[in-house]
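For reference, the structure discussed in these notes is given below.
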Amino acid sequence: MQVLHLIIVIVSVICINIFSQTSPGAKQTSLSYSDVNVNNDVFAIFNNPAALQQLNNQQVGIYYSPSPFGIKELSSAYAAYNNPFSFGNIAVGFMDYGFKLYSENKITAAYSFNLNERFSVGAALNLHFVNIKNYGSDNTFYLNAGGLLNITENIKWGFSIININNASFSEYNDQIPSVLSTGIGYTPIESLTITGSLQKDDYRKLTASIGADYKLIEYLALRLSYSNNPSKISGGMGIFYSGLNFDYAFSNHPQLGISHSIGLIYSFNALP
């Protein structure tokens with residue numbers, strides 16, 4: 001049993017470095033994180049903090065991935081809260097990942113504001129903890145930043161940089177990937193948004209993703225996406241009712257199989 005747990009620990013560490021697209025929430029996962037340009041919910045705090053400026057209401061959200069690739073020890077949970085003010089949006093978030101032999105926690109605080117009518121920017125400060133049983137623990141700070149430009153009424157361009165300061169744990173380098181993302185979102189009709197992005201981190205070649213978010217009826221949206229490197233299909237759905245959003249996502253890795261995740265977001269009254 002100890003050997004099995006050791007193997008899982010190794011897999012955990014490998015997954016952190018190889019599968020850097022482990023950010024929440026379920027909508028973002030179902031679109032293969034191609035929505036860096038139109039990310040419009042509270043989980044933007046972890047992906048592109050500038051996109052928080054699109055929210056004119058308070059939002060609280062939780063996200064849970066119970067057993068990625070069928071391994072419950074790789075489970076992750078996130079929570080986030082956004083509050084708009086006249087001077088910009090402020091959000092806080094929390095992450096819990098792993099199990100008793102290997103675990104990570106993260107606390108995030110973000111701020112976004114409009115530079116002008118079309119362009120918003122944002123930054124997020126992360127305090128990241130890691131603990132390995134019998135080996136000790138460590139923590140580090142790192143900074144994320146992003147921008148969002150409304151090119152036209154129907155076209156948006158976004159970018160984000162995760163871990164700008166190239167922070168790492170202890171004396172080892174590159175334990176936390178630095179990730180650069182950019183993408184375009186196009187809404188040809190009110191019920192359909194098409195997203196596409198490029199992403200590059202410290203460990204992989206350039207990854208391209210494309211996704212579609214289609215609002216089938218007033219209370220139901222269907223999502224489907226594809227990304228390469230590795231080649232995989234993701235999808236899911238969103239259900240909306242009276243300020244409450246429920247999102248489900250799946251992601252099919254060619255070697256490791258299917259992972260499932262869910263998210264729940266509640267929106268309070270919008271600002272006047």
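Chain lettering (A, B, ...) mirrors the order of the structure tokens, residue numbering begins at 1 for each chain separately, and ligand numbering begins at 1 in order of display.
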For Gly185 in chain A, find every residue with an atom within 9 Å (counting only C-alpha atoms), except residues of its own chain fewer than 3 positions away, and show them as a tab-separated table (two decimals) with N, CA and C atoms, in the first residue's frame.
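The resulting file, selection32.tsv, is shown below:
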```
chain	number	residue	atom	x	y	z
A	34	SER	N	-9.99	27.85	-23.56
A	34	SER	CA	-9.88	28.73	-24.73
A	34	SER	C	-10.58	30.05	-24.51
A	35	ASP	N	-11.23	30.24	-23.34
A	35	ASP	CA	-12.02	31.45	-23.09
A	35	ASP	C	-11.26	32.49	-22.29
A	36	VAL	N	-9.94	32.54	-22.42
A	36	VAL	CA	-9.15	33.58	-21.75
A	36	VAL	C	-9.65	34.97	-22.14
A	37	ASN	N	-10.35	35.04	-23.29
A	37	ASN	CA	-10.83	36.31	-23.82
A	37	ASN	C	-12.24	36.68	-23.37
A	38	VAL	N	-13.06	35.70	-23.01
A	38	VAL	CA	-14.46	35.97	-22.64
A	38	VAL	C	-14.83	35.34	-21.30
A	154	ASN	N	-18.75	42.37	-30.93
A	154	ASN	CA	-18.84	40.91	-31.01
A	154	ASN	C	-17.51	40.19	-30.87
A	155	ILE	N	-16.41	40.92	-30.83
A	155	ILE	CA	-15.07	40.30	-30.81
A	155	ILE	C	-14.29	40.82	-29.61
A	156	LYS	N	-13.73	39.88	-28.83
A	156	LYS	CA	-12.90	40.23	-27.68
A	156	LYS	C	-11.55	39.52	-27.78
A	157	TRP	N	-10.51	40.22	-27.34
A	157	TRP	CA	-9.17	39.64	-27.28
A	157	TRP	C	-8.69	39.70	-25.84
A	158	GLY	N	-8.10	38.61	-25.37
A	158	GLY	CA	-7.60	38.58	-24.01
A	158	GLY	C	-6.24	37.93	-23.92
A	193	THR	N	-21.05	31.63	-28.75
A	193	THR	CA	-19.73	32.24	-28.63
A	193	THR	C	-18.68	31.20	-29.03
A	194	ILE	N	-17.80	31.60	-29.94
A	194	ILE	CA	-16.71	30.75	-30.40
A	194	ILE	C	-15.41	31.30	-29.84
A	195	THR	N	-14.62	30.45	-29.23
A	195	THR	CA	-13.38	30.89	-28.58
A	195	THR	C	-12.19	30.13	-29.13
A	196	GLY	N	-11.05	30.78	-29.15
A	196	GLY	CA	-9.81	30.15	-29.58
A	196	GLY	C	-8.64	30.76	-28.83
A	197	SER	N	-7.68	29.94	-28.44
A	197	SER	CA	-6.55	30.47	-27.68
A	197	SER	C	-5.28	29.70	-27.98
```
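Among the residues of range 91-122 of chain A, backbone DSSP assigns strand (DSSP E) to Ala91, Val92, Gly93, Phe94, Met95, Asp96, Tyr97, Gly98, Tyr102, Ser103, Glu104, Asn105, Lys106, Ile107, Thr108, Ala109, Ala110, Tyr111, Ser112, Phe113, Asn114, Phe119, Ser120, Val121 and Gly122 of chain A.
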Those residues you just picked out, can you put them in a file as a compact mmCIF listing (two decimals), in the first residue's frame with C-alpha atoms?
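Generated file (result.txt):
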```txt
# COMPACT_ATOMS: atom_id res chain seq x y z
CA ALA A 91 -11.91 39.05 -5.64
CA VAL A 92 -10.48 36.39 -3.33
CA GLY A 93 -10.02 32.67 -3.92
CA PHE A 94 -8.79 29.45 -2.33
CA MET A 95 -7.49 26.13 -3.66
CA ASP A 96 -7.08 22.72 -2.01
CA TYR A 97 -5.32 19.92 -3.90
CA GLY A 98 -4.01 16.44 -3.12
CA TYR A 102 1.11 15.28 -0.80
CA SER A 103 -1.02 18.42 -0.75
CA GLU A 104 -1.11 21.99 -2.02
CA ASN A 105 -3.12 25.01 -0.93
CA LYS A 106 -3.35 28.44 -2.48
CA ILE A 107 -4.84 31.76 -1.41
CA THR A 108 -5.42 34.33 -4.17
CA ALA A 109 -6.41 38.00 -4.09
CA ALA A 110 -7.15 39.92 -7.30
CA TYR A 111 -8.00 43.41 -8.50
CA SER A 112 -9.26 44.52 -11.91
CA PHE A 113 -10.30 47.86 -13.39
CA ASN A 114 -11.09 49.57 -16.69
CA PHE A 119 -9.69 47.82 -22.24
CA SER A 120 -9.54 46.31 -18.74
CA VAL A 121 -6.55 44.98 -16.81
CA GLY A 122 -6.15 42.92 -13.68
```
List the neighbours of Asp247 in chain A out to 12 Å using only C-alpha atoms; skip same-chain residues closer than 4 positions along the sequence, and give me the result as an MDAnalysis selection string. chainID A and resid 24:31 41 61:65 219:223 235:241 260:266
Taking the chain letters and numbering used in this document, name the residues of range 62-234 of chain A that DSSP puts in helix (DSSP H, G or I), as a ChimeraX atom specification. /A:68-70,72-74
Pick out the residues sitting within 12 Å of Glu190 in chain A, and hand them over as a ChimeraX atom specification; count only C-alpha atoms, and ignore anything fewer than 2 positions along from it in its own chain. /A:153-154,186-188,192-194,213-218
